[in-house]
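Asker: After the structure tokens below, expect a handful of questions from me.
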Amino acid sequence: MKLDVLFIGAHPDDEAGTLAALGQWNELHGMKVGVITATRGEGGGNAVGLEEGPPLGLLRESEERDAVHLAGIEHVYNLDALDFFYTASAPLSREVWGGDELLGRVVRVVRATRPEVIVTMNPSAVEGNHGNHQQAAMYALEAYLSAGDPEAFPEHLEEGFAPWTPDRILRSGANGTGPKGPDAVAGGYTPTVASDLVFGAWDGTESARHGKRWSAVKDEAMWTYASQGWAERAASPSAPADIGVTWLTVLHSRTPLVDPTSGDDAALRGAALEIEGGLPHGTRISIDPERYEFVGGEPRALWVTVTAPDGAGLEAGSLALTAPEGWQGGAEQPLPALAAGATHEATFELTAGAGLTAGETARVSVTVTSGVMTGTNSAPVRVGGALESTIAPLEEIGEFRDWTQELGITQLDALVPELFAVGQGRTRELEIITRNLSSEARGGTVEITVPDGFEVSPAQLEIASVGPGEEVTHTVEVTSTDASLPAANRSEDAGSWPVTIRAESESSAAERTVTMNLVPSFSAQRATAAPSIDGIRDEEEYPGDAIPVDAIWEGAGDPGDTSESVTGQAWLTFDDENLYVLVSVTDDVRGTILPIDDNKRQRRTDSVEIYVDPRGTAANTAQTFIAGIMPSLGSMTGPVGAGRDRDNHQGEIAETAPGMEVAVTMAETEEEYSGYDIEAKIPFDVLPDGIDPAHMGFNVLINDSDTQNQTVQVRVGWSTFRGVRADPWRWGLVTLDGLEDAGSEPKEPIVPSTAALSVDSPESILQSAGDKVPLGGHSPTDGFLEISSVSTKKDRITVVFEAPVKGTAKVMVWDGEQVLVEMERTMPAGERRVNLKVDGLAQLLADGAELHVVASFDADGKVSAAAAPVR
């Protein structure tokens, strides 16, 4: 199957924001577009029914296929990865998804579909980025870089798939500011990072196919993802001046680029579309700086490779380097005539001016002239200080940086925030890393400046001689000294406190600003007697002050403000075996009361979430305990709904937290409703690790729904930051006075093990039978399963199969909406006859029903598919 553009995401609906652009490219330029979705989203919520697990995954696949069909997209490749739970962790996603095994399936689909352009999500470890989204984009980049290498996954070549090198990879979205309206693309985008190159396609383009603007078609597509609660999303503006743009950021290009302001199709020019008057289509210009960082005054190499297209040669000409302002580049170089497919390599010398400021980014470009034709490509560069200092990264950000270094795409780190947290009134150690980016040994000083209300010791570090490319680490202490400062996002700038780290050497100075988050602290007192779990607070049961659970972190109002519609207080105590938590919620409207058998994903309605990071060191929520508690199920007086979610062992507490008890007090009628009190006993032995009583991570969040459509309007909490539910390091810190530290004994996460699979999906089977791209991106069988004949008699369908090898077939009759009958059969190599009974078959056919026999075939993990109409 030959595609022009391939979108790579993690879940059904990840492509939704790009459908106006993909749709107009399909309609106006004939672009054949496909979508890779790593999972079927079976771990998500369900706003339309009770399906969960694999049935929900198949439902979401159908929604996705219906949605992308509106954009002219007929090829969706779901890769059978497990959608386990929400996480901000790309490393956890990669581990659960099987690492390079899933990457191999992505590469196999790229080689099978041969797109010129890949579009993906944001691969960078930016704040709040969904870990599944980030990892899917990281896979997309790895596939872009490796699919053309015959040494990468060589088994694909034995299967019949040739290496394929895409021309360009784009990220959906951009960081910065851009205008709206019909002139927005021509007006250009202003990126936050100057070296970012951003293209756009206006969503308001008219669609003759649909008789409306693409923004309205995109709305219809969005509403199709109903299971995720998108059916009630507001429509896009109708006034052209208010209609937005699908912005796309270049991650890498091997072919000439055009001016991003030159049109809605500019992102495709030089790759999937020709550049009018440019170099012959298929010409490649690769630009590889020796490194991303250039220290002022030190020349570095810039390697350029020009490759003539397979179908045409290039006339003799020249290569000209255009350096950014303040930089110096080498002189123009000759380009010899190149035969079709031939390559020429050249090396330029590039120097950042000594007067440039460390940290500035820009793009360096090379223009290739061949006869009268020209083409230009560019690459990002950054001014580096001779010495640069910053904080040691969070564990998963460190892993991301290692990945960018390994692949030579360190520019993707430009948007990644440098973050650390300190507790109110507490002191923490902070590692300062100083690197020498220059070509000779350097020494100098590092000065650390913290805001008022904080202290750092020592505030200045002396750096002895550090060799080229080497680094040294020092440890300082940061202390919160002003107890009156508001914690979390209650403070200005949503809780982001700037800390400046300035490194000076003889030749230069480099200054970085990192972000400190002040998280709330609390000292819990031991219970004098174990509380009775009855939903009623007794002051003797819960000694000490209340924890305020009232700062908005999502929803109405400004983040950090006190909510007027919902507020709460929490009390925390403990004994030698249990934590005890009581949360009192003041609320005005009772949200959706879910059915008794829908005790999951508590964020859809009124609920309380209790978070515990036993040792305060968790890298992600798979190392934590998270309880979600709904005050009632079925009715106002129904049972409490309690389960664990997105943590070390999610599921209903009866199975995942034995010994945990929960009670609620609440009015029995909606007219009397004014909120509810929730009380919980959490045994230490259900936690994923032993408690560090001096440093336990803890948080309470309240979800408030004022509707009956399973959506939440406002969320408030104690430690409230953007993305806090997935960031244990930003939860509050609790001291359990008088409790002994029993030590660390971490438990391995128990992750759901059932993914929705392509061999069970009639829609995937029907597609694979047509385009021969293997189901789920798995290895294909040696020869395809084939259907020799299909015949009917009364209510019986007889199907004759030809199996290439011995394997297991799943055979279904599909009417386009549902499976009418299915069976599983072991087939020997060769011919096999299968009979299927369909009640009312003759009448269905007489009424014009379009039925298909679809069959998946699995032979020791190798797959194929077959389909045939029933007439």
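Here, A, B, ... name the chains of the structure tokens in the order displayed, residue numbers run from 1 inside each chain, and ligands are numbered from 1 in the same displayed order.
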Write out as a PyMOL selection string the set of residues from stretch 186-373 of chain A that DSSP, computed on the backbone, places in strand (DSSP E).
Answerer: chain A and resi 190-191+198-202+206-207+212-213+245-253+284-289+293-295+300-307+317-322+327-329+333-335+343-352+361-370+373
Asker: Between stretch 648-688 of chain A and stretch 746-760 of chain A, at 6 Å or less, what are the per-residue closest atom pairs and their distances in Å? Count only C-alpha atoms, order by chain and rising residue number, and return it as a Markdown table.
Answerer:
| residue | atom | partner | partner_atom | distance |
| --- | --- | --- | --- | --- |
| A:Asn648 | CA | A:Pro749 | CA | 4.5 |
| A:His649 | CA | A:Ile750 | CA | 5.0 |
| A:Pro688 | CA | A:Lys747 | CA | 5.1 |
Asker: Tell me which protein, DNA and RNA residues are within 7 Å of stretch 790-806 of chain A, counting only C-alpha atoms, leaving out same-chain ones fewer than 5 positions away, and put them as a list in words.
Answerer: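 Here the qualifying residues turn out to be Asp782, Gly783, Phe784, Leu785, Met827, Pro828, Ala829, Gly830, Glu831, Arg832, Arg833, Val834, Asn835, Leu836, Lys837, Val838, Asp839, Gly840, Leu841, Ala842, Ala859 and Val870 of chain A.
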Asker: Please identify all polymer residues within 6 Å of A:Pro240, counting only C-alpha atoms, omitting same-chain residues fewer than 2 positions from it, and present them as JSON, numbers by chain.
Answerer: {"A": [181, 242, 243]}
Asker: Write out, as an mmCIF file, in the first residue's frame, the residues just selected, with N, CA, C and O atoms.
Answerer:
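Produced file selection-v9.cif, reproduced below:
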data_model
loop_
_atom_site.group_PDB
_atom_site.id
_atom_site.type_symbol
_atom_site.label_atom_id
_atom_site.label_comp_id
_atom_site.auth_asym_id
_atom_site.auth_seq_id
_atom_site.Cartn_x
_atom_site.Cartn_y
_atom_site.Cartn_z
ATOM 1 N N GLY A 181 -7.487 33.002 11.120
ATOM 2 C CA GLY A 181 -8.112 33.593 9.948
ATOM 3 C C GLY A 181 -7.458 33.194 8.644
ATOM 4 O O GLY A 181 -6.414 32.533 8.616
ATOM 5 N N ASP A 242 -12.050 34.016 12.866
ATOM 6 C CA ASP A 242 -11.867 33.339 14.152
ATOM 7 C C ASP A 242 -11.459 31.875 14.004
ATOM 8 O O ASP A 242 -11.240 31.181 15.008
ATOM 9 N N ILE A 243 -11.395 31.392 12.766
ATOM 10 C CA ILE A 243 -11.057 29.983 12.549
ATOM 11 C C ILE A 243 -9.548 29.809 12.634
ATOM 12 O O ILE A 243 -8.782 30.564 12.048
#
Asker: Compile the contact shell of stretch 255-265 of chain A as an MDAnalysis selection string: residues with an atom at most 8 Å away, counting only C-alpha atoms, same-chain residues fewer than 4 positions apart removed.
Answerer: chainID A and resid 25 167:168 185:188 197:202 269:271 275 282:286 375:378
Asker: Restrict the selected residues to N, CA, C and O atoms and save them as an mmCIF file, in the first residue's frame.
Answerer:
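Wrote it out as selection08.cif, contents follow:
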data_model
loop_
_atom_site.group_PDB
_atom_site.id
_atom_site.type_symbol
_atom_site.label_atom_id
_atom_site.label_comp_id
_atom_site.auth_asym_id
_atom_site.auth_seq_id
_atom_site.Cartn_x
_atom_site.Cartn_y
_atom_site.Cartn_z
ATOM 1 N N TRP A 25 -5.469 18.184 2.419
ATOM 2 C CA TRP A 25 -4.380 17.667 1.590
ATOM 3 C C TRP A 25 -4.871 16.507 0.731
ATOM 4 O O TRP A 25 -4.466 16.367 -0.416
ATOM 5 N N ASP A 167 10.932 11.318 3.686
ATOM 6 C CA ASP A 167 11.605 12.585 3.408
ATOM 7 C C ASP A 167 11.546 13.567 4.570
ATOM 8 O O ASP A 167 12.437 14.403 4.733
ATOM 9 N N ARG A 168 10.470 13.490 5.364
ATOM 10 C CA ARG A 168 10.243 14.563 6.341
ATOM 11 C C ARG A 168 9.403 14.028 7.485
ATOM 12 O O ARG A 168 8.551 13.155 7.290
ATOM 13 N N VAL A 185 -1.683 31.770 7.809
ATOM 14 C CA VAL A 185 -0.491 31.064 7.342
ATOM 15 C C VAL A 185 0.481 32.041 6.694
ATOM 16 O O VAL A 185 1.692 31.986 6.930
ATOM 17 N N ALA A 186 -0.036 32.967 5.903
ATOM 18 C CA ALA A 186 0.820 33.976 5.263
ATOM 19 C C ALA A 186 1.451 34.889 6.304
ATOM 20 O O ALA A 186 2.557 35.408 6.105
ATOM 21 N N GLY A 187 0.762 35.079 7.436
ATOM 22 C CA GLY A 187 1.307 35.927 8.490
ATOM 23 C C GLY A 187 2.433 35.272 9.262
ATOM 24 O O GLY A 187 3.265 35.956 9.863
ATOM 25 N N GLY A 188 2.471 33.935 9.259
ATOM 26 C CA GLY A 188 3.556 33.225 9.895
ATOM 27 C C GLY A 188 3.362 33.005 11.380
ATOM 28 O O GLY A 188 2.531 33.652 12.032
ATOM 29 N N LEU A 197 10.873 25.541 13.131
ATOM 30 C CA LEU A 197 10.323 25.923 11.832
ATOM 31 C C LEU A 197 8.901 25.397 11.781
ATOM 32 O O LEU A 197 8.676 24.180 11.857
ATOM 33 N N VAL A 198 7.919 26.305 11.672
ATOM 34 C CA VAL A 198 6.510 25.939 11.829
ATOM 35 C C VAL A 198 5.740 26.246 10.551
ATOM 36 O O VAL A 198 5.754 27.379 10.057
ATOM 37 N N PHE A 199 5.080 25.225 10.021
ATOM 38 C CA PHE A 199 4.194 25.355 8.875
ATOM 39 C C PHE A 199 2.746 25.355 9.365
ATOM 40 O O PHE A 199 2.469 24.999 10.523
ATOM 41 N N GLY A 200 1.831 25.715 8.475
ATOM 42 C CA GLY A 200 0.431 25.741 8.876
ATOM 43 C C GLY A 200 -0.501 25.432 7.724
ATOM 44 O O GLY A 200 -0.152 25.588 6.544
ATOM 45 N N ALA A 201 -1.698 24.963 8.075
ATOM 46 C CA ALA A 201 -2.794 24.778 7.110
ATOM 47 C C ALA A 201 -4.046 25.320 7.765
ATOM 48 O O ALA A 201 -4.448 24.860 8.847
ATOM 49 N N TRP A 202 -4.650 26.310 7.142
ATOM 50 C CA TRP A 202 -5.832 26.962 7.728
ATOM 51 C C TRP A 202 -7.014 26.007 7.722
ATOM 52 O O TRP A 202 -7.347 25.401 6.701
ATOM 53 N N ARG A 269 5.620 20.462 0.437
ATOM 54 C CA ARG A 269 6.446 20.789 -0.724
ATOM 55 C C ARG A 269 7.887 20.326 -0.506
ATOM 56 O O ARG A 269 8.466 20.526 0.556
ATOM 57 N N GLY A 270 8.438 19.718 -1.543
ATOM 58 C CA GLY A 270 9.782 19.174 -1.459
ATOM 59 C C GLY A 270 9.811 17.748 -0.943
ATOM 60 O O GLY A 270 10.846 17.092 -0.979
ATOM 61 N N ALA A 271 8.658 17.261 -0.460
ATOM 62 C CA ALA A 271 8.576 15.880 0.044
ATOM 63 C C ALA A 271 7.479 15.154 -0.717
ATOM 64 O O ALA A 271 7.728 14.553 -1.763
ATOM 65 N N ILE A 275 8.273 21.061 -5.578
ATOM 66 C CA ILE A 275 8.452 22.499 -5.436
ATOM 67 C C ILE A 275 8.487 23.076 -6.842
ATOM 68 O O ILE A 275 9.385 22.753 -7.636
ATOM 69 N N GLY A 282 12.450 14.703 -5.453
ATOM 70 C CA GLY A 282 13.200 13.550 -4.980
ATOM 71 C C GLY A 282 14.645 13.870 -4.641
ATOM 72 O O GLY A 282 15.354 13.034 -4.082
ATOM 73 N N THR A 283 15.104 15.101 -4.971
ATOM 74 C CA THR A 283 16.443 15.522 -4.572
ATOM 75 C C THR A 283 16.511 15.633 -3.054
ATOM 76 O O THR A 283 15.610 16.178 -2.423
ATOM 77 N N ARG A 284 17.600 15.124 -2.492
ATOM 78 C CA ARG A 284 17.762 15.176 -1.042
ATOM 79 C C ARG A 284 18.939 16.074 -0.681
ATOM 80 O O ARG A 284 19.987 16.036 -1.317
ATOM 81 N N ILE A 285 18.712 16.869 0.374
ATOM 82 C CA ILE A 285 19.764 17.720 0.928
ATOM 83 C C ILE A 285 19.766 17.477 2.431
ATOM 84 O O ILE A 285 18.828 17.861 3.134
ATOM 85 N N SER A 286 20.789 16.801 2.912
ATOM 86 C CA SER A 286 20.895 16.531 4.343
ATOM 87 C C SER A 286 21.930 17.457 4.960
ATOM 88 O O SER A 286 23.030 17.606 4.426
ATOM 89 N N GLY A 375 17.333 24.663 -4.446
ATOM 90 C CA GLY A 375 16.592 24.085 -3.329
ATOM 91 C C GLY A 375 17.341 24.351 -2.046
ATOM 92 O O GLY A 375 18.577 24.366 -2.026
ATOM 93 N N THR A 376 16.609 24.589 -0.953
ATOM 94 C CA THR A 376 17.219 24.963 0.321
ATOM 95 C C THR A 376 16.696 24.076 1.446
ATOM 96 O O THR A 376 15.501 23.800 1.533
ATOM 97 N N ASN A 377 17.601 23.633 2.286
ATOM 98 C CA ASN A 377 17.222 22.946 3.521
ATOM 99 C C ASN A 377 17.935 23.645 4.678
ATOM 100 O O ASN A 377 18.859 24.442 4.478
ATOM 101 N N SER A 378 17.486 23.368 5.903
ATOM 102 C CA SER A 378 18.062 24.051 7.058
ATOM 103 C C SER A 378 18.096 23.113 8.250
ATOM 104 O O SER A 378 17.447 22.055 8.255
#
Asker: Env of stretch 506-510 of chain A: 10 Å cut, atoms = only C-alpha atoms, seq-sep filter 2 positions within chain, self excluded. Answer as a VMD selection string.
Answerer: chain A and resid 295 to 297 354 to 359 383 to 389 438 442 to 446 501 to 504 512
Asker: Please, could you write that set of residues out with N, CA and C atoms as a PDB file, in the first residue's frame?
Answerer:
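This went into again.pdb:
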ATOM      1  N   VAL A 295      30.016  26.757  20.711  1.00  0.00           N
ATOM      2  CA  VAL A 295      30.591  27.731  21.641  1.00  0.00           C
ATOM      3  C   VAL A 295      31.144  28.913  20.847  1.00  0.00           C
ATOM      4  N   GLY A 296      30.849  30.109  21.298  1.00  0.00           N
ATOM      5  CA  GLY A 296      31.259  31.314  20.587  1.00  0.00           C
ATOM      6  C   GLY A 296      32.744  31.334  20.266  1.00  0.00           C
ATOM      7  N   GLY A 297      33.062  31.605  19.006  1.00  0.00           N
ATOM      8  CA  GLY A 297      34.440  31.727  18.563  1.00  0.00           C
ATOM      9  C   GLY A 297      35.115  30.421  18.191  1.00  0.00           C
ATOM     10  N   ALA A 354      31.482  35.450  18.847  1.00  0.00           N
ATOM     11  CA  ALA A 354      31.809  35.549  20.270  1.00  0.00           C
ATOM     12  C   ALA A 354      30.852  36.472  21.017  1.00  0.00           C
ATOM     13  N   GLY A 355      30.187  37.373  20.310  1.00  0.00           N
ATOM     14  CA  GLY A 355      29.286  38.312  20.972  1.00  0.00           C
ATOM     15  C   GLY A 355      27.874  37.802  21.161  1.00  0.00           C
ATOM     16  N   LEU A 356      27.581  36.604  20.676  1.00  0.00           N
ATOM     17  CA  LEU A 356      26.229  36.052  20.812  1.00  0.00           C
ATOM     18  C   LEU A 356      25.972  35.578  22.242  1.00  0.00           C
ATOM     19  N   THR A 357      24.713  35.566  22.626  1.00  0.00           N
ATOM     20  CA  THR A 357      24.330  35.163  23.983  1.00  0.00           C
ATOM     21  C   THR A 357      24.119  33.663  24.042  1.00  0.00           C
ATOM     22  N   ALA A 358      24.749  33.027  25.021  1.00  0.00           N
ATOM     23  CA  ALA A 358      24.570  31.591  25.195  1.00  0.00           C
ATOM     24  C   ALA A 358      23.089  31.272  25.398  1.00  0.00           C
ATOM     25  N   GLY A 359      22.648  30.245  24.730  1.00  0.00           N
ATOM     26  CA  GLY A 359      21.245  29.842  24.808  1.00  0.00           C
ATOM     27  C   GLY A 359      20.428  30.249  23.603  1.00  0.00           C
ATOM     28  N   VAL A 383      23.689  28.533  20.412  1.00  0.00           N
ATOM     29  CA  VAL A 383      24.906  29.111  20.970  1.00  0.00           C
ATOM     30  C   VAL A 383      25.116  28.517  22.357  1.00  0.00           C
ATOM     31  N   GLY A 384      26.263  27.897  22.573  1.00  0.00           N
ATOM     32  CA  GLY A 384      26.561  27.312  23.870  1.00  0.00           C
ATOM     33  C   GLY A 384      27.584  28.118  24.631  1.00  0.00           C
ATOM     34  N   GLY A 385      27.498  28.099  25.967  1.00  0.00           N
ATOM     35  CA  GLY A 385      28.543  28.687  26.784  1.00  0.00           C
ATOM     36  C   GLY A 385      29.698  27.716  26.891  1.00  0.00           C
ATOM     37  N   ALA A 386      30.892  28.230  27.121  1.00  0.00           N
ATOM     38  CA  ALA A 386      32.027  27.337  27.308  1.00  0.00           C
ATOM     39  C   ALA A 386      31.756  26.401  28.488  1.00  0.00           C
ATOM     40  N   LEU A 387      31.281  26.974  29.594  1.00  0.00           N
ATOM     41  CA  LEU A 387      30.764  26.193  30.713  1.00  0.00           C
ATOM     42  C   LEU A 387      29.276  26.490  30.850  1.00  0.00           C
ATOM     43  N   GLU A 388      28.486  25.452  31.020  1.00  0.00           N
ATOM     44  CA  GLU A 388      27.058  25.628  31.271  1.00  0.00           C
ATOM     45  C   GLU A 388      26.674  24.775  32.469  1.00  0.00           C
ATOM     46  N   SER A 389      25.857  25.340  33.342  1.00  0.00           N
ATOM     47  CA  SER A 389      25.426  24.640  34.545  1.00  0.00           C
ATOM     48  C   SER A 389      23.904  24.577  34.607  1.00  0.00           C
ATOM     49  N   SER A 438      33.190  23.441  25.419  1.00  0.00           N
ATOM     50  CA  SER A 438      34.222  23.983  24.544  1.00  0.00           C
ATOM     51  C   SER A 438      35.238  22.900  24.172  1.00  0.00           C
ATOM     52  N   ARG A 442      38.440  24.023  30.898  1.00  0.00           N
ATOM     53  CA  ARG A 442      37.919  25.292  31.407  1.00  0.00           C
ATOM     54  C   ARG A 442      37.687  25.192  32.909  1.00  0.00           C
ATOM     55  N   GLY A 443      37.811  26.325  33.578  1.00  0.00           N
ATOM     56  CA  GLY A 443      37.415  26.469  34.970  1.00  0.00           C
ATOM     57  C   GLY A 443      36.611  27.740  35.109  1.00  0.00           C
ATOM     58  N   GLY A 444      35.988  27.937  36.268  1.00  0.00           N
ATOM     59  CA  GLY A 444      35.192  29.141  36.451  1.00  0.00           C
ATOM     60  C   GLY A 444      34.383  29.083  37.725  1.00  0.00           C
ATOM     61  N   THR A 445      33.285  29.815  37.749  1.00  0.00           N
ATOM     62  CA  THR A 445      32.410  29.871  38.913  1.00  0.00           C
ATOM     63  C   THR A 445      30.966  29.656  38.482  1.00  0.00           C
ATOM     64  N   VAL A 446      30.171  29.171  39.425  1.00  0.00           N
ATOM     65  CA  VAL A 446      28.730  29.022  39.210  1.00  0.00           C
ATOM     66  C   VAL A 446      28.018  29.740  40.342  1.00  0.00           C
ATOM     67  N   ILE A 501      20.839  30.035  37.394  1.00  0.00           N
ATOM     68  CA  ILE A 501      22.144  29.388  37.544  1.00  0.00           C
ATOM     69  C   ILE A 501      23.062  29.966  36.467  1.00  0.00           C
ATOM     70  N   ARG A 502      24.068  30.684  36.901  1.00  0.00           N
ATOM     71  CA  ARG A 502      24.979  31.378  35.970  1.00  0.00           C
ATOM     72  C   ARG A 502      26.373  30.788  36.084  1.00  0.00           C
ATOM     73  N   ALA A 503      26.869  30.285  34.968  1.00  0.00           N
ATOM     74  CA  ALA A 503      28.221  29.729  34.911  1.00  0.00           C
ATOM     75  C   ALA A 503      29.123  30.685  34.141  1.00  0.00           C
ATOM     76  N   GLU A 504      30.245  31.044  34.735  1.00  0.00           N
ATOM     77  CA  GLU A 504      31.182  31.960  34.085  1.00  0.00           C
ATOM     78  C   GLU A 504      32.546  31.291  33.957  1.00  0.00           C
ATOM     79  N   ARG A 512      21.093  30.069  32.932  1.00  0.00           N
ATOM     80  CA  ARG A 512      19.870  29.294  32.766  1.00  0.00           C
ATOM     81  C   ARG A 512      18.916  29.638  33.901  1.00  0.00           C
TER      82      ARG A 512
END
Asker: Could you list, as a short mmCIF file (atom, residue, chain, number, x, y, z; two decimals) with C-alpha atoms, in the first residue's frame, every residue within 10 Å of A:Val716, counting only C-alpha atoms and ignoring same-chain residues fewer than 3 positions away?
Answerer:
data_model
loop_
_atom_site.label_atom_id
_atom_site.label_comp_id
_atom_site.auth_asym_id
_atom_site.auth_seq_id
_atom_site.Cartn_x
_atom_site.Cartn_y
_atom_site.Cartn_z
CA PRO A 548 -6.98 22.61 52.62
CA VAL A 549 -8.33 21.01 49.45
CA ASP A 550 -9.60 24.10 47.71
CA ALA A 551 -7.19 25.35 45.04
CA ILE A 552 -8.41 25.08 41.44
CA TRP A 553 -6.04 23.16 39.22
CA GLU A 554 -8.41 22.48 36.32
CA GLY A 555 -11.69 24.00 35.23
CA PRO A 559 -5.64 27.90 38.55
CA GLY A 560 -4.72 28.30 42.20
CA ASP A 561 -7.77 30.41 43.10
CA THR A 562 -10.19 29.12 45.70
CA SER A 563 -13.19 27.44 44.11
CA VAL A 566 -16.68 23.05 45.35
CA THR A 567 -14.24 23.07 48.23
CA GLY A 568 -12.93 20.63 50.78
CA VAL A 608 -12.31 12.22 45.71
CA VAL A 700 -6.02 14.89 47.77
CA LEU A 701 -7.92 16.01 44.66
CA ILE A 702 -11.68 16.55 44.30
CA ASN A 703 -13.56 16.17 41.00
CA ASP A 704 -16.77 18.21 40.74
CA SER A 719 -0.97 20.23 45.85
CA THR A 720 -2.14 21.55 42.52
#
Asker: Compare A:Ala194, A:Leu733, A:Ala494, A:Leu56 by their minimum atom-to-atom distance to A:Pro520, counting only C-alpha atoms, and give me the closest one.
Answerer: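 The answer is A:Leu733, which sits nearest to A:Pro520.
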Asker: I need the residues in stretch 212-288 of chain A that are alpha helix (DSSP H) according to DSSP; give them as a PyMOL selection string.
Answerer: chain A and resi 214-224
Asker: Hey, could you make a per-residue contact list for stretch 53-126 of chain A against stretch 207-211 of chain A with 10 Å as the cut-off, showing the nearest pair of atoms and its distance in Å to one decimal, counting only C-alpha atoms, sorted by chain and number, as JSON lines?
Answerer:
{"residue": "A:Leu70", "atom": "CA", "partner": "A:His210", "partner_atom": "CA", "distance": 8.6}
{"residue": "A:Ala71", "atom": "CA", "partner": "A:His210", "partner_atom": "CA", "distance": 9.8}
{"residue": "A:Gly72", "atom": "CA", "partner": "A:Arg209", "partner_atom": "CA", "distance": 9.8}
Asker: Of the candidates A:Pro774, A:Gly628, A:Gly638, A:Gly557, which shows the shortest atom-to-atom distance to A:Leu594, using only C-alpha atoms?
Answerer: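 Smallest distance to A:Leu594 is found for A:Gly638.
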Asker: When you count only C-alpha atoms, which of these residues is closest to A:Ala680: A:Ala868, A:Ile610, A:Ala331, A:Ala235?
Answerer: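 Distance minimum relative to A:Ala680 lands on A:Ile610.
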Asker: Just give me the gap between atom CA of A:Arg401 and atom CA of A:Thr500 in Å, one decimal is fine.
Answerer: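 Distance between the two atoms: 21.0 Å.
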Asker: When you count only C-alpha atoms, which of these residues is closest to A:Val381: A:Thr249, A:Ser195, A:Ser768, A:Gln135?
Answerer: A:Ser195
